[in-house]
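Data block for structure34.tsv (TSV, N, CA and C atoms and all ligand atoms):
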chain	number	residue	atom	x	y	z
J	1	MET	N	61.41	128.74	66.95
J	1	MET	CA	62.58	127.89	67.15
J	1	MET	C	63.28	127.60	65.83
J	2	GLY	N	62.44	127.39	64.79
J	2	GLY	CA	62.98	127.03	63.48
J	2	GLY	C	63.93	128.06	62.93
J	3	ASP	N	63.70	129.33	63.29
J	3	ASP	CA	64.57	130.38	62.76
J	3	ASP	C	65.52	130.91	63.84
J	4	CYS	N	65.67	130.16	64.92
J	4	CYS	CA	66.59	130.61	65.99
J	4	CYS	C	68.03	130.32	65.59
J	5	LEU	N	68.84	131.37	65.60
J	5	LEU	CA	70.25	131.25	65.22
J	5	LEU	C	70.99	130.20	66.05
J	6	PHE	N	70.80	130.25	67.36
J	6	PHE	CA	71.56	129.32	68.22
J	6	PHE	C	71.05	127.89	68.09
J	7	CYS	N	69.74	127.71	67.83
J	7	CYS	CA	69.25	126.35	67.55
J	7	CYS	C	69.90	125.82	66.27
J	8	LYS	N	70.13	126.70	65.31
J	8	LYS	CA	70.80	126.28	64.07
J	8	LYS	C	72.27	125.90	64.35
J	9	ILE	N	72.92	126.62	65.24
J	9	ILE	CA	74.30	126.26	65.61
J	9	ILE	C	74.30	124.90	66.32
J	10	ILE	N	73.32	124.66	67.18
J	10	ILE	CA	73.21	123.35	67.87
J	10	ILE	C	73.05	122.24	66.84
J	11	LYS	N	72.24	122.49	65.81
J	11	LYS	CA	71.99	121.46	64.78
J	11	LYS	C	73.10	121.39	63.73
J	12	LYS	N	74.13	122.24	63.91
J	12	LYS	CA	75.29	122.29	63.01
J	12	LYS	C	74.89	122.76	61.60
J	13	GLU	N	73.79	123.50	61.53
J	13	GLU	CA	73.37	124.09	60.25
J	13	GLU	C	74.14	125.37	59.96
J	14	ILE	N	74.66	125.98	61.05
J	14	ILE	CA	75.51	127.17	60.94
J	14	ILE	C	76.80	126.83	61.68
J	15	PRO	N	77.96	127.12	61.08
J	15	PRO	CA	79.22	126.75	61.74
J	15	PRO	C	79.51	127.64	62.95
J	16	ALA	N	80.23	127.08	63.90
J	16	ALA	CA	80.71	127.84	65.05
J	16	ALA	C	81.96	127.14	65.56
J	17	GLU	N	82.79	127.92	66.24
J	17	GLU	CA	84.02	127.36	66.83
J	17	GLU	C	83.66	126.78	68.20
J	18	ILE	N	83.33	125.51	68.20
J	18	ILE	CA	82.86	124.84	69.42
J	18	ILE	C	84.05	124.52	70.33
J	19	VAL	N	83.91	124.87	71.62
J	19	VAL	CA	84.97	124.57	72.57
J	19	VAL	C	84.56	123.48	73.56
J	20	TYR	N	83.25	123.22	73.67
J	20	TYR	CA	82.77	122.18	74.59
J	20	TYR	C	81.36	121.79	74.17
J	21	GLU	N	81.08	120.47	74.30
J	21	GLU	CA	79.72	120.01	73.99
J	21	GLU	C	79.43	118.76	74.79
J	22	ASN	N	78.22	118.67	75.31
J	22	ASN	CA	77.73	117.40	75.84
J	22	ASN	C	76.25	117.27	75.46
J	23	ASP	N	75.54	116.34	76.07
J	23	ASP	CA	74.14	116.10	75.67
J	23	ASP	C	73.24	117.30	75.94
J	24	ASN	N	73.63	118.13	76.89
J	24	ASN	CA	72.73	119.20	77.36
J	24	ASN	C	73.13	120.60	76.96
J	25	VAL	N	74.43	120.84	76.79
J	25	VAL	CA	74.91	122.19	76.55
J	25	VAL	C	75.92	122.23	75.40
J	26	LEU	N	76.04	123.42	74.82
J	26	LEU	CA	77.03	123.66	73.77
J	26	LEU	C	77.73	124.97	74.10
J	27	ALA	N	79.05	125.01	73.91
J	27	ALA	CA	79.81	126.24	74.13
J	27	ALA	C	80.65	126.53	72.90
J	28	PHE	N	80.61	127.79	72.47
J	28	PHE	CA	81.33	128.16	71.25
J	28	PHE	C	81.81	129.61	71.36
J	29	LYS	N	82.81	129.95	70.54
J	29	LYS	CA	83.39	131.29	70.59
J	29	LYS	C	82.42	132.32	70.03
J	30	ASP	N	82.32	133.46	70.70
J	30	ASP	CA	81.48	134.56	70.21
J	30	ASP	C	82.08	135.10	68.91
J	31	ILE	N	81.22	135.38	67.93
J	31	ILE	CA	81.67	135.84	66.62
J	31	ILE	C	82.23	137.26	66.68
J	32	ASN	N	81.86	138.00	67.72
J	32	ASN	CA	82.30	139.39	67.88
J	32	ASN	C	82.85	139.58	69.30
J	33	PRO	N	84.03	138.99	69.56
J	33	PRO	CA	84.50	138.90	70.94
J	33	PRO	C	84.76	140.26	71.59
J	34	GLN	N	84.34	140.37	72.85
J	34	GLN	CA	84.52	141.60	73.63
J	34	GLN	C	85.68	141.47	74.63
J	35	ALA	N	86.42	140.40	74.52
J	35	ALA	CA	87.58	140.15	75.38
J	35	ALA	C	88.41	139.09	74.66
J	36	PRO	N	89.69	138.93	75.06
J	36	PRO	CA	90.51	137.90	74.40
J	36	PRO	C	89.86	136.52	74.42
J	37	THR	N	89.18	136.18	75.50
J	37	THR	CA	88.35	134.97	75.54
J	37	THR	C	86.90	135.40	75.67
J	38	HIS	N	86.05	135.01	74.74
J	38	HIS	CA	84.61	135.32	74.84
J	38	HIS	C	83.85	134.13	74.27
J	39	ILE	N	83.26	133.39	75.18
J	39	ILE	CA	82.58	132.14	74.83
J	39	ILE	C	81.12	132.22	75.26
J	40	LEU	N	80.25	131.66	74.45
J	40	LEU	CA	78.82	131.59	74.77
J	40	LEU	C	78.48	130.15	75.13
J	41	ILE	N	77.79	129.99	76.24
J	41	ILE	CA	77.39	128.65	76.70
J	41	ILE	C	75.86	128.60	76.65
J	42	ILE	N	75.33	127.66	75.89
J	42	ILE	CA	73.88	127.64	75.67
J	42	ILE	C	73.31	126.25	75.99
J	43	PRO	N	72.04	126.22	76.42
J	43	PRO	CA	71.38	124.93	76.58
J	43	PRO	C	70.93	124.42	75.22
J	44	LYS	N	70.82	123.11	75.09
J	44	LYS	CA	70.37	122.55	73.82
J	44	LYS	C	68.86	122.61	73.66
J	45	ILE	N	68.16	123.03	74.73
J	45	ILE	CA	66.73	123.30	74.58
J	45	ILE	C	66.54	124.79	74.36
J	46	HIS	N	65.49	125.14	73.60
J	46	HIS	CA	65.24	126.54	73.27
J	46	HIS	C	64.42	127.22	74.37
J	47	VAL	N	65.07	128.14	75.08
J	47	VAL	CA	64.38	129.01	76.04
J	47	VAL	C	64.79	130.43	75.65
J	48	PRO	N	63.83	131.31	75.32
J	48	PRO	CA	64.21	132.62	74.76
J	48	PRO	C	64.98	133.53	75.71
J	49	THR	N	64.50	133.68	76.94
J	49	THR	CA	65.16	134.60	77.89
J	49	THR	C	65.03	134.04	79.30
J	50	LEU	N	65.67	134.70	80.24
J	50	LEU	CA	65.54	134.29	81.65
J	50	LEU	C	64.08	134.37	82.11
J	51	ASN	N	63.30	135.23	81.46
J	51	ASN	CA	61.89	135.38	81.86
J	51	ASN	C	61.06	134.12	81.64
J	52	GLU	N	61.51	133.26	80.75
J	52	GLU	CA	60.73	132.05	80.45
J	52	GLU	C	61.20	130.83	81.25
J	53	LEU	N	62.11	131.05	82.21
J	53	LEU	CA	62.60	129.91	82.98
J	53	LEU	C	61.50	129.31	83.83
J	54	GLU	N	61.54	127.98	83.95
J	54	GLU	CA	60.58	127.24	84.76
J	54	GLU	C	61.33	126.36	85.75
J	55	GLU	N	60.59	125.83	86.71
J	55	GLU	CA	61.19	124.92	87.71
J	55	GLU	C	61.99	123.81	87.05
J	56	SER	N	61.47	123.31	85.94
J	56	SER	CA	62.11	122.17	85.27
J	56	SER	C	63.47	122.53	84.65
J	57	HIS	N	63.80	123.83	84.63
J	57	HIS	CA	65.07	124.25	84.04
J	57	HIS	C	66.19	124.40	85.07
J	58	LYS	N	65.90	124.10	86.34
J	58	LYS	CA	66.89	124.33	87.39
J	58	LYS	C	68.21	123.61	87.11
J	59	GLU	N	68.11	122.35	86.76
J	59	GLU	CA	69.33	121.56	86.54
J	59	GLU	C	70.10	122.09	85.33
J	60	MET	N	69.38	122.42	84.29
J	60	MET	CA	70.00	122.95	83.07
J	60	MET	C	70.75	124.26	83.39
J	61	MET	N	70.15	125.13	84.17
J	61	MET	CA	70.81	126.39	84.49
J	61	MET	C	72.06	126.16	85.33
J	62	GLY	N	71.99	125.20	86.24
J	62	GLY	CA	73.18	124.85	87.02
J	62	GLY	C	74.28	124.32	86.12
J	63	GLU	N	73.88	123.55	85.13
J	63	GLU	CA	74.88	122.97	84.23
J	63	GLU	C	75.56	124.07	83.39
J	64	LEU	N	74.82	125.10	83.02
J	64	LEU	CA	75.46	126.20	82.28
J	64	LEU	C	76.58	126.82	83.13
J	65	LEU	N	76.29	127.06	84.41
J	65	LEU	CA	77.29	127.69	85.27
J	65	LEU	C	78.47	126.75	85.53
J	66	LEU	N	78.16	125.48	85.77
J	66	LEU	CA	79.24	124.51	85.99
J	66	LEU	C	80.11	124.42	84.74
J	67	THR	N	79.50	124.49	83.59
J	67	THR	CA	80.25	124.43	82.33
J	67	THR	C	81.14	125.67	82.19
J	68	SER	N	80.63	126.84	82.61
J	68	SER	CA	81.47	128.04	82.51
J	68	SER	C	82.72	127.88	83.38
J	69	SER	N	82.58	127.27	84.53
J	69	SER	CA	83.72	127.05	85.42
J	69	SER	C	84.73	126.09	84.78
J	70	LYS	N	84.22	125.03	84.17
J	70	LYS	CA	85.12	124.07	83.50
J	70	LYS	C	85.86	124.73	82.33
J	71	ILE	N	85.12	125.49	81.55
J	71	ILE	CA	85.73	126.09	80.36
J	71	ILE	C	86.74	127.17	80.76
J	72	ALA	N	86.44	127.91	81.83
J	72	ALA	CA	87.40	128.92	82.30
J	72	ALA	C	88.75	128.26	82.61
J	73	LYS	N	88.70	127.09	83.22
J	73	LYS	CA	89.95	126.36	83.50
J	73	LYS	C	90.58	125.87	82.21
J	74	GLN	N	89.75	125.31	81.34
J	74	GLN	CA	90.23	124.79	80.05
J	74	GLN	C	90.91	125.88	79.23
J	75	GLU	N	90.37	127.10	79.29
J	75	GLU	CA	90.89	128.21	78.48
J	75	GLU	C	92.00	128.98	79.20
J	76	GLY	N	92.30	128.60	80.45
J	76	GLY	CA	93.41	129.22	81.17
J	76	GLY	C	93.12	130.60	81.73
J	77	ILE	N	91.84	130.91	81.99
J	77	ILE	CA	91.50	132.23	82.53
J	77	ILE	C	91.00	132.16	83.98
J	78	ALA	N	90.94	130.94	84.52
J	78	ALA	CA	90.31	130.76	85.83
J	78	ALA	C	91.09	131.47	86.94
J	79	ASP	N	92.41	131.39	86.91
J	79	ASP	CA	93.19	131.96	88.01
J	79	ASP	C	93.17	133.48	88.01
J	80	ASP	N	93.27	134.08	86.84
J	80	ASP	CA	93.28	135.55	86.76
J	80	ASP	C	91.91	136.14	87.06
J	81	GLY	N	90.85	135.42	86.70
J	81	GLY	CA	89.49	135.91	86.92
J	81	GLY	C	88.78	136.15	85.61
J	82	TYR	N	87.48	136.11	85.69
J	82	TYR	CA	86.68	136.23	84.46
J	82	TYR	C	85.28	136.73	84.82
J	83	ARG	N	84.53	137.10	83.81
J	83	ARG	CA	83.18	137.62	83.99
J	83	ARG	C	82.20	136.68	83.30
J	84	THR	N	81.08	136.38	83.97
J	84	THR	CA	79.99	135.65	83.32
J	84	THR	C	78.73	136.49	83.41
J	85	GLY	N	77.83	136.31	82.48
J	85	GLY	CA	76.58	137.06	82.56
J	85	GLY	C	75.55	136.67	81.53
J	86	PHE	N	74.29	136.84	81.92
J	86	PHE	CA	73.16	136.67	81.01
J	86	PHE	C	72.58	138.06	80.73
J	87	ASN	N	72.40	138.42	79.49
J	87	ASN	CA	71.64	139.61	79.16
J	87	ASN	C	70.18	139.18	78.98
J	88	CYS	N	69.27	139.85	79.67
J	88	CYS	CA	67.85	139.49	79.56
J	88	CYS	C	67.07	140.68	79.05
J	89	GLY	N	66.59	140.57	77.81
J	89	GLY	CA	65.74	141.62	77.25
J	89	GLY	C	66.52	142.74	76.60
J	90	GLU	N	65.78	143.60	75.94
J	90	GLU	CA	66.40	144.64	75.12
J	90	GLU	C	67.21	145.64	75.93
J	91	ALA	N	66.73	146.04	77.10
J	91	ALA	CA	67.45	147.03	77.91
J	91	ALA	C	68.83	146.52	78.32
J	92	ALA	N	68.96	145.21	78.44
J	92	ALA	CA	70.25	144.62	78.82
J	92	ALA	C	71.11	144.31	77.61
J	93	GLY	N	70.56	144.55	76.42
J	93	GLY	CA	71.35	144.33	75.21
J	93	GLY	C	71.22	142.95	74.61
J	94	GLN	N	70.20	142.17	75.03
J	94	GLN	CA	70.04	140.84	74.44
J	94	GLN	C	69.63	140.98	72.96
J	95	THR	N	70.33	140.25	72.12
J	95	THR	CA	70.05	140.31	70.68
J	95	THR	C	69.71	138.95	70.09
J	96	VAL	N	70.05	137.88	70.79
J	96	VAL	CA	69.71	136.53	70.32
J	96	VAL	C	68.78	135.92	71.35
J	97	TRP	N	67.61	135.46	70.89
J	97	TRP	CA	66.54	135.09	71.81
J	97	TRP	C	66.56	133.59	72.10
J	98	HIS	N	67.71	133.15	72.57
J	98	HIS	CA	67.95	131.78	73.06
J	98	HIS	C	68.96	131.97	74.18
J	99	ILE	N	68.57	131.63	75.39
J	99	ILE	CA	69.41	131.88	76.57
J	99	ILE	C	70.88	131.53	76.32
J	100	HIS	N	71.76	132.43	76.71
J	100	HIS	CA	73.19	132.15	76.57
J	100	HIS	C	73.95	132.82	77.71
J	101	LEU	N	74.89	132.08	78.24
J	101	LEU	CA	75.76	132.59	79.30
J	101	LEU	C	77.05	133.07	78.65
J	102	HIS	N	77.33	134.37	78.79
J	102	HIS	CA	78.60	134.91	78.29
J	102	HIS	C	79.71	134.55	79.28
J	103	LEU	N	80.84	134.12	78.77
J	103	LEU	CA	82.04	133.89	79.57
J	103	LEU	C	83.16	134.71	78.93
J	104	LEU	N	83.63	135.71	79.68
J	104	LEU	CA	84.64	136.62	79.14
J	104	LEU	C	85.87	136.61	80.05
J	105	GLY	N	87.05	136.61	79.44
J	105	GLY	CA	88.27	136.63	80.22
J	105	GLY	C	89.45	137.09	79.39
J	106	GLY	N	90.60	137.18	80.06
J	106	GLY	CA	91.81	137.59	79.35
J	106	GLY	C	92.08	139.07	79.44
J	107	ARG	N	91.25	139.80	80.18
J	107	ARG	CA	91.49	141.22	80.44
J	107	ARG	C	90.79	141.58	81.74
J	108	SER	N	90.95	142.84	82.19
J	108	SER	CA	90.24	143.30	83.39
J	108	SER	C	88.88	143.86	82.99
J	109	PHE	N	87.93	143.82	83.92
J	109	PHE	CA	86.57	144.29	83.65
J	109	PHE	C	86.18	145.36	84.67
J	110	ASN	N	85.36	146.29	84.22
J	110	ASN	CA	84.84	147.33	85.12
J	110	ASN	C	83.58	146.83	85.81
J	111	TRP	N	83.32	147.44	86.98
J	111	TRP	CA	82.06	147.21	87.67
J	111	TRP	C	81.55	148.53	88.22
J	112	PRO	N	80.30	148.90	88.00
J	112	PRO	CA	79.29	148.12	87.29
J	112	PRO	C	79.51	148.16	85.79
J	113	PRO	N	78.98	147.15	85.07
J	113	PRO	CA	79.11	147.14	83.62
J	113	PRO	C	78.31	148.30	83.01
J	114	GLY	N	78.67	148.71	81.83
J	114	GLY	CA	78.00	149.85	81.20
J	114	GLY	C	76.61	149.53	80.73
S	1	LIG	P1	73.47	139.05	73.50
S	1	LIG	O1	73.71	140.44	72.99
S	1	LIG	O2	72.14	138.50	73.01
S	1	LIG	O3	73.62	138.91	74.99
S	1	LIG	O4	74.62	138.15	72.91
S	1	LIG	C1	74.55	137.58	71.65
S	1	LIG	C2	75.96	137.27	71.26
S	1	LIG	O5	75.92	136.39	70.15
S	1	LIG	C3	76.75	138.50	70.82
S	1	LIG	O6	77.89	138.65	71.65
S	1	LIG	C4	77.11	138.20	69.37
S	1	LIG	O7	78.41	138.63	69.01
S	1	LIG	C5	76.98	136.68	69.29
S	1	LIG	N1	76.60	136.17	67.98
S	1	LIG	C6	75.64	136.66	67.17
S	1	LIG	N2	75.56	135.93	66.04
S	1	LIG	C7	76.50	134.95	66.16
S	1	LIG	C8	76.89	133.87	65.30
S	1	LIG	O8	76.36	133.65	64.20
S	1	LIG	N3	77.91	133.09	65.73
S	1	LIG	C9	78.51	133.29	66.95
S	1	LIG	N4	79.49	132.44	67.27
S	1	LIG	N5	78.16	134.29	67.78
S	1	LIG	C10	77.16	135.11	67.38
S	2	ZN	ZN	66.93	128.45	69.99

Show me the file's structure as structure tokens.
Amino acid sequence: MGDCLFCKIIKKEIPAEIVYENDNVLAFKDINPQAPTHILIIPKIHVPTLNELEESHKEMMGELLLTSSKIAKQEGIADDGYRTGFNCGEAAGQTVWHIHLHLLGGRSFNWPPG
């Protein structure tokens, strides 16, 4: 946890462009955006991947999704549509080992993703 990049962003030890924050979640702009809007929504507790989720995380996971919906409206991408997703593990391309919900918008997306 001590060397987790996103825990450092939560503690404000590393700067980030924060777009939303409350007691439980933090949302900030992705440093390498893959769409005109690309925001990461993270819990303030350290959980490495979806594989480590427990019953006690149910409310937190709901809050991540509810936050993505709020931010999509705040950022003006809700009406056109947007993509959300969790990458879990190396095969899915996860590179930061602290759960994060990607929120992407401002362009069209293919399905299935590559
Ligand atoms: P993953 O590949 O694990 O699903 O997503 C990690 C995301 O974190 C990537 O989209 C990457 O661009 C972003 N990222 C990595 N390091 C930083 C950072 O220091 N600041 C911000 N804002 N985003 C980062
Ligand atoms: Zn962390």

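Those residues that approach range 99-112 of chain J to within 6 Å, counting only C-alpha atoms, are Ala35, Pro36, Thr37, His38, Ile39, Leu40, Ile41, Ile42, Val47, Pro48, Thr49, Ile77, Tyr82, Arg83, Thr84, Gly85 and Phe86 of chain J; same-chain residues fewer than 2 positions away are not listed.
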
Report the closest atom pair, with its distance in Å rounded to one decimal, for each residue of chain J that has an atom no farther than 8 Å from ligand ZN 2 (chain S); count only N, CA and C atoms and all ligand atoms, sort by chain and then rising residue number, and write it as a Markdown table.
| residue | atom | partner | partner_atom | distance |
| --- | --- | --- | --- | --- |
| J:Met1 | CA | S:ZN2 | ZN | 5.2 |
| J:Gly2 | N | S:ZN2 | ZN | 7.0 |
| J:Asp3 | C | S:ZN2 | ZN | 6.8 |
| J:Cys4 | CA | S:ZN2 | ZN | 4.6 |
| J:Leu5 | N | S:ZN2 | ZN | 5.6 |
| J:Phe6 | C | S:ZN2 | ZN | 4.6 |
| J:Cys7 | N | S:ZN2 | ZN | 3.6 |
| J:Lys8 | N | S:ZN2 | ZN | 5.9 |
| J:Ile9 | N | S:ZN2 | ZN | 7.9 |
| J:Ile10 | N | S:ZN2 | ZN | 7.9 |
| J:Pro43 | C | S:ZN2 | ZN | 7.7 |
| J:Lys44 | C | S:ZN2 | ZN | 7.2 |
| J:Ile45 | C | S:ZN2 | ZN | 5.7 |
| J:His46 | CA | S:ZN2 | ZN | 4.2 |
| J:Val47 | N | S:ZN2 | ZN | 5.4 |
| J:Pro48 | N | S:ZN2 | ZN | 6.8 |
| J:Val96 | C | S:ZN2 | ZN | 7.8 |
| J:Trp97 | C | S:ZN2 | ZN | 5.6 |
| J:His98 | CA | S:ZN2 | ZN | 4.6 |
| J:Ile99 | N | S:ZN2 | ZN | 6.5 |

Generate a file of the selected residues that holds N, CA and C atoms, formatted as a compact mmCIF listing (two decimals), in the frame of the given file.
# COMPACT_ATOMS: atom_id res chain seq x y z
N MET J 1 61.41 128.74 66.95
CA MET J 1 62.58 127.89 67.15
C MET J 1 63.28 127.60 65.83
N GLY J 2 62.44 127.39 64.79
CA GLY J 2 62.98 127.03 63.48
C GLY J 2 63.93 128.06 62.93
N ASP J 3 63.70 129.33 63.29
CA ASP J 3 64.57 130.38 62.76
C ASP J 3 65.52 130.91 63.84
N CYS J 4 65.67 130.16 64.92
CA CYS J 4 66.59 130.61 65.99
C CYS J 4 68.03 130.32 65.59
N LEU J 5 68.84 131.37 65.60
CA LEU J 5 70.25 131.25 65.22
C LEU J 5 70.99 130.20 66.05
N PHE J 6 70.80 130.25 67.36
CA PHE J 6 71.56 129.32 68.22
C PHE J 6 71.05 127.89 68.09
N CYS J 7 69.74 127.71 67.83
CA CYS J 7 69.25 126.35 67.55
C CYS J 7 69.90 125.82 66.27
N LYS J 8 70.13 126.70 65.31
CA LYS J 8 70.80 126.28 64.07
C LYS J 8 72.27 125.90 64.35
N ILE J 9 72.92 126.62 65.24
CA ILE J 9 74.30 126.26 65.61
C ILE J 9 74.30 124.90 66.32
N ILE J 10 73.32 124.66 67.18
CA ILE J 10 73.21 123.35 67.87
C ILE J 10 73.05 122.24 66.84
N PRO J 43 72.04 126.22 76.42
CA PRO J 43 71.38 124.93 76.58
C PRO J 43 70.93 124.42 75.22
N LYS J 44 70.82 123.11 75.09
CA LYS J 44 70.37 122.55 73.82
C LYS J 44 68.86 122.61 73.66
N ILE J 45 68.16 123.03 74.73
CA ILE J 45 66.73 123.30 74.58
C ILE J 45 66.54 124.79 74.36
N HIS J 46 65.49 125.14 73.60
CA HIS J 46 65.24 126.54 73.27
C HIS J 46 64.42 127.22 74.37
N VAL J 47 65.07 128.14 75.08
CA VAL J 47 64.38 129.01 76.04
C VAL J 47 64.79 130.43 75.65
N PRO J 48 63.83 131.31 75.32
CA PRO J 48 64.21 132.62 74.76
C PRO J 48 64.98 133.53 75.71
N VAL J 96 70.05 137.88 70.79
CA VAL J 96 69.71 136.53 70.32
C VAL J 96 68.78 135.92 71.35
N TRP J 97 67.61 135.46 70.89
CA TRP J 97 66.54 135.09 71.81
C TRP J 97 66.56 133.59 72.10
N HIS J 98 67.71 133.15 72.57
CA HIS J 98 67.95 131.78 73.06
C HIS J 98 68.96 131.97 74.18
N ILE J 99 68.57 131.63 75.39
CA ILE J 99 69.41 131.88 76.57
C ILE J 99 70.88 131.53 76.32

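Among J:Leu66, J:Gly93, J:Lys11, J:Gly114, the residue with the shortest atom-to-atom distance to ligand LIG 1 (chain S), counting all atoms listed in the file, is J:Gly93.
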
Range 12-18 of chain J: axis-aligned bounding box, 4 Å on each side, centre and edge lengths in Å, one decimal, as AutoDock Vina command-line options:
--center_x 78.7 --center_y 125.1 --center_z 65.1 --size_x 18.7 --size_y 13.7 --size_z 18.4

**Request:** From a DSSP pass on the backbone, collect the residues of chain J flagged as helix (DSSP H, G or I) and hand them back as a PyMOL selection string.
**Result:** chain J and resi 5-10+50-52+55-74+90-92

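Atom pair atom C of Gly89 in chain J / atom C of Ser68 in chain J has a distance of 23.0 Å (rounded to one decimal).
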
**Request:** Would you mind reading off the distance between CA of Ser69 in chain J and atom C7 of ligand LIG 1 (chain S), one decimal, in Å?
**Result:** 22.0 Å

**Message:** At a cut-off of 5 Å around ligand LIG 1 (chain S), and using only N, CA and C atoms and all ligand atoms, what residues come up? Please write them as an MDAnalysis selection string.
**Reply:** chainID J and resid 29:32 87 93:96

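Atom N of Asp23 in chain J is found 14.7 Å from atom C of Lys70 in chain J.
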
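If only C-alpha atoms are the atoms counted, then among J:Val25, J:Gln34, J:Lys73, J:Ala92 the closest residue to Met61 in chain J is J:Val25.
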
**Item:** Those in chain J with strand (DSSP E) from DSSP, as number ranges by chain
**Value:** J: 18-21, 25-29, 37-43, 82-85, 101-105

**Nearest to Ile18 in chain J by atom-to-atom distance, counting only C-alpha atoms, from J:Gly62, J:Ile71, J:Glu90, J:Pro113** = J:Ile71

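Restricting the calculation to all atoms listed in the file, the smallest distance between Glu63 in chain J and any of J:Leu50, J:Gly76, J:Pro33, J:Asn24 is found for J:Asn24.
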